[in-house]
$ cat work16.cif   # mmCIF, C-alpha atoms, pLDDT in the B column; chains and numbers go by the auth columns
data_my_file
loop_
_atom_site.group_PDB
_atom_site.id
_atom_site.type_symbol
_atom_site.label_atom_id
_atom_site.label_comp_id
_atom_site.label_asym_id
_atom_site.label_seq_id
_atom_site.Cartn_x
_atom_site.Cartn_y
_atom_site.Cartn_z
_atom_site.B_iso_or_equiv
_atom_site.auth_seq_id
_atom_site.auth_asym_id
ATOM 1 C CA MET A 1 83.042 91.288 124.396 45.00 176 A
ATOM 2 C CA THR A 2 85.555 93.943 123.293 55.00 177 A
ATOM 3 C CA PRO A 3 83.822 97.118 122.045 66.00 178 A
ATOM 4 C CA GLY A 4 84.598 98.710 118.712 87.00 179 A
ATOM 5 C CA TYR A 5 86.292 102.083 118.290 95.00 180 A
ATOM 6 C CA PRO A 6 84.641 105.415 117.449 95.00 181 A
ATOM 7 C CA VAL A 7 84.932 106.350 113.772 96.00 182 A
ATOM 8 C CA ASP A 8 84.416 109.296 111.433 95.00 183 A
ATOM 9 C CA PRO A 9 84.061 107.634 107.994 96.00 184 A
ATOM 10 C CA LEU A 10 85.549 109.353 104.948 94.00 185 A
ATOM 11 C CA PRO A 11 84.576 108.273 101.400 97.00 186 A
ATOM 12 C CA ILE A 12 87.450 107.216 99.147 96.00 187 A
ATOM 13 C CA ARG A 13 87.096 107.038 95.359 95.00 188 A
ATOM 14 C CA GLY A 14 88.637 104.558 92.974 95.00 189 A
ATOM 15 C CA PRO A 15 87.927 101.532 90.757 95.00 190 A
ATOM 16 C CA TRP A 16 85.548 100.036 93.299 97.00 191 A
ATOM 17 C CA ASP A 17 81.814 100.307 93.887 97.00 192 A
ATOM 18 C CA GLU A 18 82.050 101.899 97.318 97.00 193 A
ATOM 19 C CA GLY A 19 84.927 102.691 99.625 98.00 194 A
ATOM 20 C CA TYR A 20 85.632 104.312 102.995 98.00 195 A
ATOM 21 C CA ALA A 21 88.409 105.102 105.399 97.00 196 A
ATOM 22 C CA LEU A 22 86.971 104.749 108.892 97.00 197 A
ATOM 23 C CA ASP A 23 88.891 107.727 110.349 97.00 198 A
ATOM 24 C CA GLN A 24 91.908 109.981 110.025 94.00 199 A
ATOM 25 C CA HIS A 25 95.116 108.341 111.185 93.00 200 A
ATOM 26 C CA THR A 26 96.918 111.311 112.750 89.00 201 A
ATOM 27 C CA LEU A 27 95.067 114.269 114.241 90.00 202 A
ATOM 28 C CA TRP A 28 98.218 116.366 114.664 87.00 203 A
ATOM 29 C CA SER A 29 101.978 115.956 114.781 86.00 204 A
ATOM 30 C CA ASP A 30 104.507 118.542 116.018 88.00 205 A
ATOM 31 C CA LEU A 31 108.276 118.512 115.647 89.00 206 A
ATOM 32 C CA VAL A 32 109.681 118.565 119.187 89.00 207 A
ATOM 33 C CA GLY A 33 113.394 117.953 118.640 92.00 208 A
ATOM 34 C CA TYR A 34 116.098 115.770 117.171 93.00 209 A
ATOM 35 C CA THR A 35 117.981 112.658 118.178 93.00 210 A
ATOM 36 C CA ARG A 36 121.787 112.676 118.509 93.00 211 A
ATOM 37 C CA GLU A 37 121.881 111.257 114.991 94.00 212 A
ATOM 38 C CA GLY A 38 119.868 114.213 113.681 93.00 213 A
ATOM 39 C CA LYS A 39 116.620 112.316 113.192 91.00 214 A
ATOM 40 C CA GLU A 40 113.457 114.363 113.725 90.00 215 A
ATOM 41 C CA VAL A 41 111.333 113.560 116.794 89.00 216 A
ATOM 42 C CA PHE A 42 107.600 114.271 116.718 85.00 217 A
ATOM 43 C CA GLU A 43 104.864 114.425 119.306 88.00 218 A
ATOM 44 C CA THR A 44 101.836 112.862 117.648 88.00 219 A
ATOM 45 C CA GLN A 45 98.163 112.588 118.473 91.00 220 A
ATOM 46 C CA ARG A 46 96.337 109.830 116.581 94.00 221 A
ATOM 47 C CA SER A 47 92.640 109.105 116.347 95.00 222 A
ATOM 48 C CA VAL A 48 91.452 106.316 118.647 96.00 223 A
ATOM 49 C CA LEU A 49 91.352 103.868 115.741 97.00 224 A
ATOM 50 C CA GLY A 50 94.663 105.246 114.433 96.00 225 A
ATOM 51 C CA GLU A 51 96.304 104.513 117.779 96.00 226 A
ATOM 52 C CA ALA A 52 94.855 100.984 117.801 97.00 227 A
ATOM 53 C CA ILE A 53 96.265 100.344 114.304 97.00 228 A
ATOM 54 C CA PHE A 54 99.631 101.819 115.330 95.00 229 A
ATOM 55 C CA VAL A 55 99.867 99.535 118.374 96.00 230 A
ATOM 56 C CA LEU A 56 98.824 96.457 116.359 96.00 231 A
ATOM 57 C CA LYS A 57 101.199 97.139 113.457 94.00 232 A
ATOM 58 C CA TYR A 58 104.245 98.862 114.915 92.00 233 A
ATOM 59 C CA ARG A 59 104.234 97.524 118.472 94.00 234 A
ATOM 60 C CA ALA A 60 103.287 93.979 117.381 94.00 235 A
ATOM 61 C CA ASP A 61 100.626 93.994 120.097 96.00 236 A
ATOM 62 C CA ARG A 62 97.494 92.024 119.223 96.00 237 A
ATOM 63 C CA ARG A 63 95.365 93.380 122.050 96.00 238 A
ATOM 64 C CA PRO A 64 93.587 96.018 119.874 97.00 239 A
ATOM 65 C CA LEU A 65 92.700 93.432 117.187 97.00 240 A
ATOM 66 C CA ALA A 66 89.311 92.380 118.584 96.00 241 A
ATOM 67 C CA GLY A 67 88.154 96.015 118.779 97.00 242 A
ATOM 68 C CA ILE A 68 89.384 96.727 115.243 98.00 243 A
ATOM 69 C CA VAL A 69 87.529 93.664 113.914 98.00 244 A
ATOM 70 C CA ARG A 70 84.326 94.728 115.680 97.00 245 A
ATOM 71 C CA THR A 71 84.700 98.249 114.260 98.00 246 A
ATOM 72 C CA PHE A 72 85.088 96.965 110.687 98.00 247 A
ATOM 73 C CA ALA A 73 82.278 94.425 111.069 98.00 248 A
ATOM 74 C CA ALA A 74 79.854 96.969 112.524 97.00 249 A
ATOM 75 C CA PHE A 75 80.496 99.333 109.617 97.00 250 A
ATOM 76 C CA VAL A 76 79.980 96.586 107.011 97.00 251 A
ATOM 77 C CA ARG A 77 76.711 95.548 108.644 97.00 252 A
ATOM 78 C CA GLU A 78 75.554 99.164 108.893 96.00 253 A
ATOM 79 C CA ARG A 79 76.151 99.598 105.154 96.00 254 A
ATOM 80 C CA ASP A 80 74.409 96.245 104.524 96.00 255 A
ATOM 81 C CA TRP A 81 77.270 95.069 102.328 97.00 256 A
ATOM 82 C CA LYS A 82 76.949 91.404 101.369 96.00 257 A
ATOM 83 C CA ILE A 83 80.482 90.024 101.418 98.00 258 A
ATOM 84 C CA ASP A 84 81.704 86.677 100.073 98.00 259 A
ATOM 85 C CA LEU A 85 85.450 87.250 100.391 98.00 260 A
ATOM 86 C CA VAL A 86 87.578 89.567 102.550 98.00 261 A
ATOM 87 C CA VAL A 87 90.771 90.407 100.647 98.00 262 A
ATOM 88 C CA PRO A 88 93.742 91.930 102.508 97.00 263 A
ATOM 89 C CA VAL A 89 96.124 94.193 100.600 94.00 264 A
ATOM 90 C CA PRO A 90 99.334 92.095 100.502 91.00 265 A
ATOM 91 C CA PRO A 91 102.056 93.454 102.797 87.00 266 A
ATOM 92 C CA THR A 92 105.338 94.961 101.648 82.00 267 A
ATOM 93 C CA THR A 93 107.303 94.661 104.905 82.00 268 A
ATOM 94 C CA PRO A 94 108.218 91.207 106.254 82.00 269 A
ATOM 95 C CA ARG A 95 106.927 90.652 109.806 87.00 270 A
ATOM 96 C CA PRO A 96 106.532 87.548 112.004 89.00 271 A
ATOM 97 C CA TRP A 97 102.789 87.998 111.447 92.00 272 A
ATOM 98 C CA GLN A 98 100.991 90.431 109.140 94.00 273 A
ATOM 99 C CA PRO A 99 98.416 92.695 110.815 95.00 274 A
ATOM 100 C CA VAL A 100 96.186 93.184 107.747 96.00 275 A
ATOM 101 C CA GLU A 101 96.164 89.468 106.926 96.00 276 A
ATOM 102 C CA LEU A 102 95.269 88.675 110.531 96.00 277 A
ATOM 103 C CA LEU A 103 92.540 91.330 110.453 97.00 278 A
ATOM 104 C CA ALA A 104 91.150 89.892 107.190 97.00 279 A
ATOM 105 C CA CYS A 105 90.983 86.398 108.626 97.00 280 A
ATOM 106 C CA GLU A 106 89.226 87.538 111.819 97.00 281 A
ATOM 107 C CA LEU A 107 86.871 89.861 109.925 98.00 282 A
ATOM 108 C CA ALA A 108 85.901 87.133 107.459 98.00 283 A
ATOM 109 C CA THR A 109 84.940 84.923 110.406 98.00 284 A
ATOM 110 C CA ALA A 110 82.937 87.748 112.012 97.00 285 A
ATOM 111 C CA LEU A 111 81.045 88.380 108.760 98.00 286 A
ATOM 112 C CA GLY A 112 80.475 84.719 107.893 97.00 287 A
ATOM 113 C CA ALA A 113 82.621 85.167 104.780 98.00 288 A
ATOM 114 C CA GLU A 114 85.847 83.626 103.496 97.00 289 A
ATOM 115 C CA SER A 115 89.362 85.018 103.307 94.00 290 A
ATOM 116 C CA GLY A 116 90.516 85.843 99.768 93.00 291 A
ATOM 117 C CA GLN A 117 94.154 86.102 100.813 91.00 292 A
ATOM 118 C CA SER A 118 95.294 83.051 98.850 91.00 293 A
ATOM 119 C CA GLY A 119 94.019 84.511 95.571 94.00 294 A
ATOM 120 C CA VAL A 120 96.325 87.566 95.557 93.00 295 A
ATOM 121 C CA HIS A 121 100.099 87.560 95.245 88.00 296 A
ATOM 122 C CA ARG A 122 102.385 90.592 95.301 85.00 297 A
ATOM 123 C CA ILE A 123 105.188 90.872 92.777 81.00 298 A
ATOM 124 C CA ALA A 124 107.898 93.231 94.034 68.00 299 A
ATOM 125 C CA ALA A 125 107.833 96.758 92.642 56.00 300 A
ATOM 126 C CA ARG A 126 111.022 98.065 91.052 53.00 301 A
ATOM 127 C CA ALA A 127 111.533 100.768 93.718 50.00 302 A
ATOM 128 C CA PRO A 128 110.428 101.208 97.349 54.00 303 A
ATOM 129 C CA ILE A 129 106.981 102.793 97.107 57.00 304 A
ATOM 130 C CA LYS A 130 107.417 104.925 100.242 58.00 305 A
ATOM 131 C CA GLU A 131 110.312 106.711 98.551 56.00 306 A
ATOM 132 C CA LEU A 132 108.177 107.793 95.586 57.00 307 A
ATOM 133 C CA ARG A 133 106.114 110.968 95.499 63.00 308 A
ATOM 134 C CA GLY A 134 102.514 111.293 94.469 67.00 309 A
ATOM 135 C CA PHE A 135 99.748 109.018 93.296 72.00 310 A
ATOM 136 C CA ASP A 136 100.698 108.889 89.606 67.00 311 A
ATOM 137 C CA GLU A 137 104.345 107.983 90.209 67.00 312 A
ATOM 138 C CA LYS A 138 103.389 105.289 92.720 68.00 313 A
ATOM 139 C CA ARG A 139 100.633 103.898 90.493 62.00 314 A
ATOM 140 C CA CYS A 140 103.027 103.663 87.546 65.00 315 A
ATOM 141 C CA GLU A 141 105.608 101.856 89.702 67.00 316 A
ATOM 142 C CA LEU A 142 102.970 99.451 91.047 71.00 317 A
ATOM 143 C CA ALA A 143 101.467 98.567 87.637 72.00 318 A
ATOM 144 C CA GLY A 144 101.476 94.799 87.251 69.00 319 A
ATOM 145 C CA SER A 145 102.623 94.214 90.822 77.00 320 A
ATOM 146 C CA PHE A 146 99.676 91.972 91.774 86.00 321 A
ATOM 147 C CA ARG A 147 98.901 88.549 90.377 90.00 322 A
ATOM 148 C CA VAL A 148 95.293 87.529 91.041 93.00 323 A
ATOM 149 C CA ASP A 149 93.537 84.201 90.599 95.00 324 A
ATOM 150 C CA ALA A 150 90.442 85.019 88.549 95.00 325 A
ATOM 151 C CA ASP A 151 88.702 81.775 89.542 95.00 326 A
ATOM 152 C CA VAL A 152 88.770 82.814 93.197 96.00 327 A
ATOM 153 C CA PHE A 153 87.130 86.206 92.618 97.00 328 A
ATOM 154 C CA ARG A 154 84.870 85.856 89.568 97.00 329 A
ATOM 155 C CA GLY A 155 81.225 86.511 90.407 97.00 330 A
ATOM 156 C CA ARG A 156 81.935 87.088 94.107 97.00 331 A
ATOM 157 C CA SER A 157 81.303 90.127 96.315 98.00 332 A
ATOM 158 C CA LEU A 158 84.675 91.341 97.565 98.00 333 A
ATOM 159 C CA LEU A 159 85.758 93.498 100.481 98.00 334 A
ATOM 160 C CA VAL A 160 89.338 94.740 100.102 98.00 335 A
ATOM 161 C CA ILE A 161 90.811 95.918 103.406 98.00 336 A
ATOM 162 C CA ASP A 162 93.951 97.725 104.505 97.00 337 A
ATOM 163 C CA ASP A 163 95.231 99.501 107.597 96.00 338 A
ATOM 164 C CA LEU A 164 96.298 102.849 106.145 94.00 339 A
ATOM 165 C CA TYR A 165 95.325 104.824 103.047 94.00 340 A
ATOM 166 C CA ALA A 166 97.919 107.407 101.993 89.00 341 A
ATOM 167 C CA SER A 167 98.022 108.175 98.249 86.00 342 A
ATOM 168 C CA GLY A 168 95.687 105.253 97.528 89.00 343 A
ATOM 169 C CA ALA A 169 97.929 103.952 94.734 88.00 344 A
ATOM 170 C CA THR A 170 98.397 100.437 96.143 89.00 345 A
ATOM 171 C CA VAL A 171 94.721 99.684 96.752 94.00 346 A
ATOM 172 C CA HIS A 172 93.876 101.341 93.412 93.00 347 A
ATOM 173 C CA VAL A 173 96.211 99.035 91.453 92.00 348 A
ATOM 174 C CA LEU A 174 95.052 95.958 93.391 94.00 349 A
ATOM 175 C CA CYS A 175 91.402 96.789 92.713 95.00 350 A
ATOM 176 C CA GLU A 176 92.092 97.275 89.005 94.00 351 A
ATOM 177 C CA ALA A 177 93.538 93.756 88.955 94.00 352 A
ATOM 178 C CA LEU A 178 90.544 92.398 90.898 96.00 353 A
ATOM 179 C CA ARG A 179 88.102 94.170 88.546 96.00 354 A
ATOM 180 C CA SER A 180 89.622 92.235 85.654 94.00 355 A
ATOM 181 C CA CYS A 181 88.444 89.011 87.352 95.00 356 A
ATOM 182 C CA GLY A 182 84.773 89.980 87.020 96.00 357 A
ATOM 183 C CA PRO A 183 83.652 90.202 90.656 97.00 358 A
ATOM 184 C CA ASN A 184 79.985 90.790 91.437 97.00 359 A
ATOM 185 C CA ARG A 185 80.771 93.775 93.667 97.00 360 A
ATOM 186 C CA LEU A 186 83.942 95.374 94.957 98.00 361 A
ATOM 187 C CA GLN A 187 84.056 97.382 98.189 98.00 362 A
ATOM 188 C CA VAL A 188 87.074 98.881 99.951 98.00 363 A
ATOM 189 C CA LEU A 189 87.413 99.555 103.659 98.00 364 A
ATOM 190 C CA VAL A 190 90.567 100.902 105.267 98.00 365 A
ATOM 191 C CA ALA A 191 91.054 101.675 108.925 97.00 366 A
ATOM 192 C CA THR A 192 92.587 105.127 108.637 97.00 367 A
ATOM 193 C CA ARG A 193 93.614 107.748 106.128 95.00 368 A
ATOM 194 C CA THR A 194 96.572 110.118 106.230 88.00 369 A
ATOM 195 C CA ARG A 195 95.962 113.820 105.804 70.00 370 A
ATOM 196 C CA SER A 196 97.875 113.933 102.520 53.00 371 A
ATOM 197 C CA ARG A 197 95.879 114.180 99.337 41.00 372 A
ATOM 198 C CA ARG A 198 96.824 112.726 95.983 38.00 373 A
#
$ encode --input "work16.cif" --output "structure tokens"
Amino acid sequence: MTPGYPVDPLPIRGPWDEGYALDQHTLWSDLVGYTREGKEVFETQRSVLGEAIFVLKYRADRRPLAGIVRTFAAFVRERDWKIDLVVPVPPTTPRPWQPVELLACELATALGAESGQSGVHRIAARAPIKELRGFDEKRCELAGSFRVDADVFRGRSLLVIDDLYASGATVHVLCEALRSCGPNRLQVLVATRTRSRR
């Protein structure tokens, strides 16, 4: 069986009962030059889990998935979280398959839970979120960008998952919408966190 990855959990605060990022994403990144087009080129060292997420998401390589699932599942069991539904943060970038949705499905199976993916729908924000600066600006732009089915989440224990936590605005807005459904408990677990602070 594929082993999990080493982690260094970091608490994250928001409108949830308990939340963690399992590790930093990037340990260091140095500018090493430029392309002919003038684009910056960096040499980057990621955490072990950060590298696994990078390969899964940006190289479209599913080989790290089993280890990522085991890492998430081991942490949930260690915390003794009772989970009814695993809810992936809906993606913004179209891909042939969505890494976080795939992770949610596999993790739900590992935990004996259900996937809550069908109960959340993203409504496009007015501007690309990556182009905005800071938590408050992003949160304002994202307000109302998730439609949730209250009947799916009411009275259930939810685990919201994502691959990367930067400002935290997206998961914050999603969890506010989920809170309005009256869940029993709401936990958040993301694979990695950037070094930026909101």
$ closest_residue --input "work16.cif" --among "A:Thr345, A:Gln362, A:Gln292, A:Thr369" --to "Asp255 (chain A)" --atoms "all atoms listed in the file"
A:Gln362
$ residues_around --input "work16.cif" --residues "Pro263 (chain A)" --least-positions-apart "2" --cutoff "6 Å" --atoms "all atoms listed in the file" --output "CSV table (one decimal) with C-alpha atoms, keeping the file's coordinate frame"
chain,number,residue,atom,x,y,z
A,265,PRO,CA,99.3,92.1,100.5
A,275,VAL,CA,96.2,93.2,107.7
A,276,GLU,CA,96.2,89.5,106.9
A,279,ALA,CA,91.2,89.9,107.2
A,335,VAL,CA,89.3,94.7,100.1
A,336,ILE,CA,90.8,95.9,103.4
$ closest_residue --input "work16.cif" --among "A:His200, A:Ser355, A:Ala248, A:His347" --to "Ala318 (chain A)" --atoms "all atoms listed in the file"
A:His347
$ closest_residue --input "work16.cif" --among "A:Val295, A:Ala196, A:Cys356, A:Leu206" --to "Val264 (chain A)" --atoms "all atoms listed in the file"
A:Val295
$ atom_distance --input "work16.cif" --atom1 "CA of Arg252 (chain A)" --atom2 "CA of Val327 (chain A)"
23.4 Å
$ resolve_selection --input "work16.cif" --expression "the PyMOL selection byres ((chain A and resi 249) around 12)" --output "PyMOL selection string"
chain A and resi 178-182+197+242-248+250-256+282+285-286+364
$ residues_around --input "work16.cif" --residues "Asp236 (chain A)" --least-positions-apart "3" --cutoff "12 Å" --atoms "only C-alpha atoms" --output "ChimeraX atom specification"
/A:226-233,239-241,271-274
$ write_last_selection --input "work16.cif" --atoms "C-alpha atoms" --output "CSV table (one decimal), keeping the file's coordinate frame"
chain,number,residue,atom,x,y,z
A,226,GLU,CA,96.3,104.5,117.8
A,227,ALA,CA,94.9,101.0,117.8
A,228,ILE,CA,96.3,100.3,114.3
A,229,PHE,CA,99.6,101.8,115.3
A,230,VAL,CA,99.9,99.5,118.4
A,231,LEU,CA,98.8,96.5,116.4
A,232,LYS,CA,101.2,97.1,113.5
A,233,TYR,CA,104.2,98.9,114.9
A,239,PRO,CA,93.6,96.0,119.9
A,240,LEU,CA,92.7,93.4,117.2
A,241,ALA,CA,89.3,92.4,118.6
A,271,PRO,CA,106.5,87.5,112.0
A,272,TRP,CA,102.8,88.0,111.4
A,273,GLN,CA,101.0,90.4,109.1
A,274,PRO,CA,98.4,92.7,110.8
$ atom_distance --input "work16.cif" --atom1 "CA of Ser332 (chain A)" --atom2 "CA of Arg297 (chain A)"
21.1 Å
$ closest_residue --input "work16.cif" --among "A:Val262, A:Glu289, A:Pro184, A:Ala344" --to "Val323 (chain A)" --atoms "only C-alpha atoms"
A:Val262
$ closest_residue --input "work16.cif" --among "A:Leu317, A:Asn359, A:Cys280, A:Arg329" --to "Val346 (chain A)" --atoms "only C-alpha atoms"
A:Leu317
$ closest_residue --input "work16.cif" --among "A:Asp192, A:Arg234, A:Ala283, A:Leu353" --to "Arg270 (chain A)" --atoms "only C-alpha atoms"
A:Arg234
$ atom_distance --input "work16.cif" --atom1 "CA of Cys350 (chain A)" --atom2 "CA of Asp259 (chain A)"
15.8 Å
$ resolve_selection --input "work16.cif" --expression "the PyMOL selection byres ((chain A and resi 333) around 6)" --output "list in words"
Ile258, Leu260, Ser332, Leu334 and Leu361 of chain A
